[in-house]
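**Student:** Sharing start.txt here; it has compact mmCIF, C-alpha atoms and all ligand atoms.
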```txt
# COMPACT_ATOMS: atom_id res chain seq x y z
CA MET A 1 7.96 0.74 -23.01
CA THR A 2 5.59 -0.59 -20.40
CA ARG A 3 1.96 -0.50 -21.31
CA ILE A 4 -0.39 1.43 -19.04
CA SER A 5 -2.34 -1.76 -18.35
CA ASP A 6 0.86 -3.45 -17.11
CA SER A 7 1.78 -0.47 -14.91
CA LEU A 8 -1.73 -0.39 -13.48
CA GLN A 9 -1.51 -4.04 -12.60
CA ALA A 10 1.90 -3.50 -10.97
CA VAL A 11 0.50 -0.60 -8.90
CA ASN A 12 -2.53 -2.64 -7.85
CA ASN A 13 -0.13 -5.39 -6.76
CA ARG A 14 1.88 -2.88 -4.70
CA ILE A 15 -1.34 -1.74 -2.99
CA LYS A 16 -2.29 -5.34 -2.23
CA THR A 17 1.13 -6.27 -0.88
CA ALA A 18 1.37 -3.14 1.28
CA SER A 19 -2.15 -3.65 2.64
CA ILE A 20 -1.49 -7.24 3.61
CA ALA A 21 1.86 -6.27 5.18
CA ALA A 22 -0.03 -3.69 7.27
CA GLY A 23 -2.68 -6.22 8.30
CA ARG A 24 -5.32 -4.36 6.29
CA ASP A 25 -7.93 -5.52 3.78
CA PRO A 26 -6.64 -4.58 0.28
CA ALA A 27 -10.24 -3.74 -0.70
CA ALA A 28 -10.15 -0.86 1.81
CA VAL A 29 -7.52 1.00 -0.23
CA SER A 30 -8.60 2.42 -3.56
CA LEU A 31 -6.50 3.68 -6.41
CA LEU A 32 -6.88 7.17 -7.83
CA ALA A 33 -5.01 7.35 -11.15
CA VAL A 34 -3.52 10.85 -11.52
CA SER A 35 -3.68 11.62 -15.23
CA LYS A 36 -2.51 15.26 -15.26
CA THR A 37 -0.44 16.15 -18.36
CA PHE A 38 -1.45 12.86 -20.07
CA GLY A 39 -3.94 12.87 -22.93
CA PRO A 40 -7.38 11.28 -23.28
CA GLU A 41 -5.90 8.23 -25.06
CA SER A 42 -3.82 7.41 -21.98
CA VAL A 43 -6.90 7.70 -19.78
CA LEU A 44 -8.84 5.51 -22.21
CA GLU A 45 -6.14 2.84 -21.98
CA ALA A 46 -6.46 2.87 -18.20
CA VAL A 47 -10.26 2.72 -18.46
CA ARG A 48 -10.01 -0.35 -20.68
CA ALA A 49 -7.79 -1.92 -18.01
CA GLY A 50 -10.56 -1.38 -15.45
CA GLN A 51 -9.63 1.97 -13.83
CA HIS A 52 -12.55 4.36 -13.24
CA ASP A 53 -11.25 7.05 -10.84
CA PHE A 54 -8.98 9.78 -12.22
CA GLY A 55 -7.29 12.75 -10.57
CA GLU A 56 -6.56 16.07 -12.25
CA ASN A 57 -4.76 19.26 -11.11
CA TYR A 58 -5.59 21.83 -13.79
CA VAL A 59 -9.20 22.82 -14.47
CA GLN A 60 -9.11 23.58 -18.20
CA GLU A 61 -6.99 20.52 -19.02
CA ALA A 62 -9.40 18.39 -17.00
CA LEU A 63 -12.56 19.78 -18.63
CA ASP A 64 -11.19 19.00 -22.09
CA LYS A 65 -10.30 15.47 -20.99
CA ILE A 66 -13.65 14.82 -19.29
CA ASP A 67 -15.37 15.88 -22.49
CA ALA A 68 -13.09 13.75 -24.68
CA LEU A 69 -13.68 10.65 -22.55
CA LYS A 70 -17.46 11.03 -22.87
CA LYS A 71 -16.95 10.48 -26.59
CA LEU A 72 -14.13 7.90 -26.38
CA ALA A 73 -15.86 5.76 -23.74
CA PRO A 74 -19.58 6.45 -24.09
CA GLY A 75 -21.70 4.93 -21.36
CA VAL A 76 -18.72 4.23 -19.07
CA VAL A 77 -19.15 6.00 -15.74
CA LEU A 78 -15.89 7.64 -14.66
CA ARG A 79 -15.30 9.53 -11.41
CA TRP A 80 -13.20 12.69 -11.68
CA HIS A 81 -11.30 13.99 -8.65
CA PHE A 82 -9.88 17.52 -8.48
CA ILE A 83 -6.59 17.43 -6.53
CA GLY A 84 -4.84 20.71 -7.48
CA PRO A 85 -4.74 24.19 -5.95
CA ILE A 86 -8.16 25.90 -6.25
CA GLN A 87 -8.56 29.45 -7.49
CA SER A 88 -11.87 31.04 -6.47
CA ASN A 89 -12.76 31.86 -10.07
CA LYS A 90 -12.56 28.14 -10.99
CA THR A 91 -14.94 26.78 -8.34
CA LYS A 92 -17.99 26.84 -10.66
CA SER A 93 -16.35 24.58 -13.25
CA ILE A 94 -15.12 22.27 -10.50
CA ALA A 95 -18.57 22.09 -8.86
CA GLU A 96 -20.20 21.29 -12.19
CA HIS A 97 -17.81 18.69 -13.57
CA PHE A 98 -16.12 16.80 -10.73
CA ASP A 99 -17.29 14.10 -8.29
CA TRP A 100 -14.62 14.73 -5.66
CA VAL A 101 -12.39 17.61 -4.55
CA HIS A 102 -9.39 16.65 -2.38
CA SER A 103 -7.76 20.07 -2.11
CA VAL A 104 -10.19 22.29 -0.16
CA ASP A 105 -8.19 24.41 2.27
CA ARG A 106 -10.38 27.40 3.08
CA GLU A 107 -13.99 28.12 3.95
CA LYS A 108 -14.54 30.58 1.12
CA VAL A 109 -13.81 27.90 -1.47
CA ALA A 110 -16.07 25.40 0.31
CA LEU A 111 -18.95 27.90 0.38
CA ARG A 112 -18.59 28.59 -3.31
CA LEU A 113 -18.42 24.89 -4.21
CA SER A 114 -21.60 24.21 -2.21
CA ASP A 115 -23.44 27.21 -3.72
CA GLN A 116 -22.35 26.31 -7.25
CA ARG A 117 -22.97 22.55 -7.12
CA PRO A 118 -25.89 21.94 -9.51
CA ASP A 119 -29.11 20.69 -7.88
CA HIS A 120 -29.42 17.67 -10.17
CA LEU A 121 -26.05 16.30 -8.99
CA PRO A 122 -25.38 14.52 -5.68
CA PRO A 123 -23.36 16.43 -3.05
CA LEU A 124 -19.74 16.98 -4.00
CA ASN A 125 -17.35 14.71 -2.06
CA ILE A 126 -14.79 16.81 -0.18
CA CYS A 127 -11.47 16.21 1.49
CA LEU A 128 -9.68 18.97 3.38
CA GLN A 129 -6.06 19.32 2.37
CA VAL A 130 -3.79 19.41 5.40
CA ASN A 131 -0.46 21.23 5.42
CA ILE A 132 1.25 18.59 7.52
CA SER A 133 4.78 19.88 7.14
CA GLY A 134 3.64 23.32 8.35
CA GLU A 135 5.54 25.23 5.67
CA ALA A 136 4.06 28.66 5.00
CA SER A 137 4.54 28.27 1.26
CA LYS A 138 2.54 25.06 0.90
CA SER A 139 -1.19 24.84 0.36
CA GLY A 140 -3.32 23.19 2.97
CA VAL A 141 -4.94 23.85 6.32
CA LEU A 142 -2.66 24.04 9.35
CA SER A 143 -3.11 21.12 11.75
CA GLU A 144 -4.78 23.12 14.51
CA GLU A 145 -7.36 24.53 12.09
CA VAL A 146 -8.47 21.19 10.65
CA THR A 147 -11.26 20.23 13.09
CA PRO A 148 -12.91 23.70 13.28
CA LEU A 149 -12.92 24.03 9.47
CA ALA A 150 -14.22 20.47 9.05
CA LEU A 151 -17.09 21.13 11.47
CA SER A 152 -18.26 24.18 9.52
CA ILE A 153 -17.83 22.58 6.08
CA ALA A 154 -19.77 19.50 7.21
CA LYS A 155 -22.87 21.74 7.50
CA LEU A 156 -22.88 22.86 3.87
CA PRO A 157 -25.84 21.37 1.99
CA LYS A 158 -24.26 20.45 -1.35
CA LEU A 159 -20.99 19.10 0.03
CA ARG A 160 -20.27 15.76 1.68
CA LEU A 161 -17.18 15.92 3.86
CA ARG A 162 -15.32 12.62 3.38
CA GLY A 163 -12.01 13.22 5.15
CA LEU A 164 -8.48 14.52 4.73
CA MET A 165 -5.85 14.73 2.01
CA ALA A 166 -2.14 15.43 2.44
CA VAL A 167 1.02 15.78 0.38
CA PRO A 168 3.90 15.62 2.89
CA ALA A 169 7.27 17.13 1.96
CA PRO A 170 9.01 14.60 -0.29
CA THR A 171 11.66 12.45 1.38
CA ASP A 172 13.34 9.12 0.61
CA ASP A 173 13.51 8.26 4.29
CA PRO A 174 10.75 5.69 4.97
CA GLN A 175 10.71 6.56 8.66
CA ALA A 176 10.10 10.26 7.94
CA GLN A 177 7.40 9.28 5.42
CA ARG A 178 5.63 7.16 8.02
CA ALA A 179 5.89 9.90 10.66
CA ALA A 180 4.23 12.47 8.38
CA PHE A 181 1.40 10.11 7.43
CA ALA A 182 0.93 9.12 11.07
CA ALA A 183 0.44 12.80 11.93
CA VAL A 184 -2.32 13.05 9.30
CA ALA A 185 -3.93 9.91 10.71
CA VAL A 186 -4.09 11.58 14.14
CA LEU A 187 -5.92 14.59 12.67
CA TYR A 188 -8.30 12.19 10.94
CA ALA A 189 -9.01 10.37 14.21
CA ASN A 190 -9.74 13.78 15.78
CA LEU A 191 -12.50 14.31 13.18
CA GLN A 192 -14.00 10.92 13.97
CA ASN A 193 -13.85 11.70 17.69
CA ALA A 194 -15.63 14.99 16.99
CA GLY A 195 -18.51 12.91 15.59
CA LEU A 196 -17.97 13.61 11.90
CA PRO A 197 -18.84 10.63 9.64
CA VAL A 198 -15.58 10.73 7.68
CA ASP A 199 -14.32 7.66 5.81
CA THR A 200 -11.47 8.86 3.58
CA LEU A 201 -7.77 9.39 4.11
CA SER A 202 -6.28 10.45 0.77
CA MET A 203 -2.51 10.09 1.05
CA GLY A 204 0.39 8.35 -0.69
CA MET A 205 1.84 8.89 -4.17
CA SER A 206 4.08 6.82 -6.45
CA ALA A 207 7.15 7.11 -4.19
CA ASP A 208 5.55 6.67 -0.77
CA MET A 209 2.32 4.71 -1.13
CA GLU A 210 3.56 1.83 1.06
CA ALA A 211 4.20 4.17 4.01
CA ALA A 212 0.79 5.82 3.51
CA ILE A 213 -1.03 2.49 3.42
CA ALA A 214 0.78 1.42 6.60
CA GLN A 215 -0.66 4.53 8.30
CA GLY A 216 -4.24 4.04 7.13
CA ALA A 217 -4.61 5.59 3.66
CA THR A 218 -7.94 4.69 2.01
CA ILE A 219 -7.13 6.41 -1.31
CA VAL A 220 -3.66 6.53 -2.85
CA ARG A 221 -3.11 9.06 -5.66
CA ILE A 222 -0.73 7.58 -8.20
CA GLY A 223 0.50 9.30 -11.36
CA SER A 224 3.99 8.52 -12.65
CA ALA A 225 3.99 4.85 -11.60
CA ILE A 226 1.02 4.36 -13.96
CA PHE A 227 1.49 6.84 -16.80
CA GLY A 228 5.25 7.47 -16.74
CA TYR A 229 7.22 10.68 -16.30
CA ARG A 230 5.37 13.95 -16.81
CA HIS A 231 6.48 16.52 -19.34
CA TYR A 232 5.15 19.96 -18.49
CA PRO A 233 4.47 22.25 -21.43
C1 LIG A 301 0.75 14.87 -9.29
C2 LIG A 301 0.12 14.51 -8.00
C3 LIG A 301 0.04 13.17 -7.56
C4 LIG A 301 0.70 12.01 -8.28
O1 LIG A 301 2.08 12.02 -8.03
P1 LIG A 301 3.06 10.84 -8.54
O2 LIG A 301 4.30 11.06 -7.77
O3 LIG A 301 3.24 11.02 -10.02
O4 LIG A 301 2.41 9.55 -8.22
C5 LIG A 301 -0.66 12.92 -6.39
N1 LIG A 301 -1.24 13.91 -5.67
C6 LIG A 301 -1.17 15.20 -6.05
C7 LIG A 301 -1.83 16.23 -5.21
C8 LIG A 301 -0.50 15.54 -7.21
O5 LIG A 301 -0.41 16.84 -7.57
```
Would it be possible to restate this file's structure as C-alpha cells?
Ligand SMILES: *Cc1c(COP(=O)(O)O)cnc(C)c1O
**Tutor:**
Amino acid sequence: MTRISDSLQAVNNRIKTASIAAGRDPAAVSLLAVSKTFGPESVLEAVRAGQHDFGENYVQEALDKIDALKKLAPGVVLRWHFIGPIQSNKTKSIAEHFDWVHSVDREKVALRLSDQRPDHLPPLNICLQVNISGEASKSGVLSEEVTPLALSIAKLPKLRLRGLMAVPAPTDDPQAQRAAFAAVAVLYANLQNAGLPVDTLSMGMSADMEAAIAQGATIVRIGSAIFGYRHYP
C-alpha cells in the first residue's frame, strides 16, 4: 500500500509537471486535499507530510474531523474548505468552522453565510459553483447567472468572493475535459472584466487535474489520488 506521504508527493509532482507544460508557475497552483470519508488519522498523516488545506463535503463528518485534528495536531493551523452541496440549515456550522466555501450556488445561502459568520473571524472565502455542463440535475449556477450573482455576493460584508469552482461532467476524453474547463475560464475572465478582484479558479480532480491546470486552475481538489478509493458507509 502506498503511504499518504508518497501519494501526496506524487500529486505535487503531477501539479508541477502540468504547470510547467502549460507555461505556468507551479507556485500559482495550490493543492486542496479532499479528505471526505477518510478519518482524522489520514488527515494527520497528510499534515505531517506538509499539507494544510483540506476539503470536506459533509458538515457533521467535517466538524468531528476538525475537532479531532485540533487535538491530534495542536498548534498547527489548518484551513478547511467546504466543497459539498449546502443545505440552508447547515450554513451556521459552515460559517463558524470553515475558512473557505467553494460550493455557493444561490443568494440565499450567501446571505446566511455572511449573517452567520462570527465577528471575530475574517471574512469567509467564497467561490461560486458553476454548473458548466448545464444539466438541470447538477448543483451550480447556470453560466448566464454567474456574473449577476457574483456582483451581489461581492457586496456582502462577511464574505470575500474569491472566484469560481466547477465539477464538469466526468469524461476520459482529454479534449472534452479541456473544453469544459476553458468554458469556466471564460466565465472567470468575465468576472475580472466586471471589475471584481477575484483570484481563484477551483477546478480539477484526480482524473482531470492536468486539463484543469492547462486552462488556468489555481486550486485543484484532489481526493482519491492522495487517500485512495472511498468507501461510503
Ligand atoms: C470528492 C470531490 C473531489 C475529489 O475527487 P477525486 O476524484 O477523489 O480527486 C473534488 N471536488 C469535489 C467537489 C468533490 O466532491
**Student:** What residues of the protein or nucleic acid chains come within 8 Å of ligand LIG 301 (chain A) when you use only C-alpha atoms and all ligand atoms? Reply as a list in words.
**Tutor:**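 What falls inside 8 Å of ligand LIG 301 (chain A) is Ala33, Val34, Lys36, Gly55, Glu56, Asn57, Ile83, Gly84, Ser103, Ala166, Val167, Met203, Gly204, Met205, Ser206, Ala207, Val220, Arg221, Ile222, Gly223, Ser224, Ala225, Ile226, Gly228, Tyr229 and Arg230 of chain A.
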**Student:** Mind writing the picked residues with C-alpha atoms as a compact mmCIF listing (two decimals), keeping the file's coordinate frame?
**Tutor:**
```txt
# COMPACT_ATOMS: atom_id res chain seq x y z
CA ALA A 33 -5.01 7.35 -11.15
CA VAL A 34 -3.52 10.85 -11.52
CA LYS A 36 -2.51 15.26 -15.26
CA GLY A 55 -7.29 12.75 -10.57
CA GLU A 56 -6.56 16.07 -12.25
CA ASN A 57 -4.76 19.26 -11.11
CA ILE A 83 -6.59 17.43 -6.53
CA GLY A 84 -4.84 20.71 -7.48
CA SER A 103 -7.76 20.07 -2.11
CA ALA A 166 -2.14 15.43 2.44
CA VAL A 167 1.02 15.78 0.38
CA MET A 203 -2.51 10.09 1.05
CA GLY A 204 0.39 8.35 -0.69
CA MET A 205 1.84 8.89 -4.17
CA SER A 206 4.08 6.82 -6.45
CA ALA A 207 7.15 7.11 -4.19
CA VAL A 220 -3.66 6.53 -2.85
CA ARG A 221 -3.11 9.06 -5.66
CA ILE A 222 -0.73 7.58 -8.20
CA GLY A 223 0.50 9.30 -11.36
CA SER A 224 3.99 8.52 -12.65
CA ALA A 225 3.99 4.85 -11.60
CA ILE A 226 1.02 4.36 -13.96
CA GLY A 228 5.25 7.47 -16.74
CA TYR A 229 7.22 10.68 -16.30
CA ARG A 230 5.37 13.95 -16.81
```
**Student:** Using only C-alpha atoms, which of the listed residues (A:Leu72, A:Val59, A:Ile94, A:Leu32) sits closest to Glu45 (chain A)?
**Tutor:** A:Leu72
**Student:** Figure out the distance between CA of Ser93 (chain A) and CA of His120 (chain A), please, to one decimal in Å.
**Tutor:** 15.1 Å
**Student:** Residues near Val104 (chain A), anyone? I mean within 12 Å using only C-alpha atoms, not counting same-chain ones fewer than 4 positions away, as a PyMOL selection string.
**Tutor:** chain A and resi 81-88+91+94+100+108-114+124-131+139-141+146+149-150+153+159+161-166
**Student:** Would you be able to write out as a PyMOL selection string which residues have an atom within 12 Å of (1.0, -2.8, -6.9) in the file's coordinates, counting all atoms listed in the file?
**Tutor:** chain A and resi 5-20+26+29-31+206-207+209-210+213+220+222+225-226
**Student:** Between CA of Pro40 (chain A) and CA of Phe54 (chain A), what is the spacing in Å?
**Tutor:**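 One can read the CA of Phe54 (chain A) to CA of Pro40 (chain A) distance as 11.3 Å.
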**Student:** CA of Glu96 (chain A) and CA of Pro118 (chain A), how far apart in Å?
**Tutor:**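 CA of Glu96 (chain A) lies 6.3 Å from CA of Pro118 (chain A).
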**Student:** Which residue is closest to Gly50 (chain A)? Choose from A:Ala21, A:Ile4, A:Ala169, A:Ala62 and count all atoms listed in the file.
**Tutor:** A:Ile4
**Student:** Please provide the set of residues having any atom within 8 Å of region 175-182 of chain A, restricted to only C-alpha atoms, with same-chain residues fewer than 5 positions apart removed, written as a ChimeraX atom specification.
**Tutor:** /A:132-133,168,170,203,208,211-212,214-215
**Student:** For Ala68 (chain A), which residue among A:Asp172, A:Asp53, A:Glu144, A:Glu41 is the nearest when counting all atoms listed in the file?
**Tutor:** A:Glu41
**Student:** Residues within 8 Å of Pro123 (chain A), please, as a list in words. Count only C-alpha atoms; anything in the same chain fewer than 2 positions from it doesn't count.
**Tutor:**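 Neighbouring residues, sequence-local ones excluded: Arg117, Leu121, Asn125, Pro157, Lys158, Leu159 and Arg160 of chain A.
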**Student:** Might you pull out every residue within 10 Å of Leu78 (chain A), with only C-alpha atoms counted and same-chain residues fewer than 3 positions away left off, and present them as number ranges by chain?
**Tutor:** A: 47, 51-54, 66, 69-70, 73, 75, 81, 98-99
**Student:** I need the residue nearest Gly216 (chain A) from this list: A:Val186, A:Tyr232, A:Leu196, A:Pro122. Use all atoms listed in the file for the distance.
**Tutor:**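 Closest candidate: A:Val186.
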**Student:** Measuring between only C-alpha atoms, which one of A:Arg3, A:Arg24, A:Lys90, A:Arg79 shows the shortest distance to Ser42 (chain A)?
**Tutor:**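 Selected residue with least distance to Ser42 (chain A): A:Arg3.
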**Student:** Using all atoms listed in the file, find the one residue out of A:Thr37, A:Val76, A:Ser143, A:Ala46 that sits nearest to Gln60 (chain A).
**Tutor:** A:Thr37
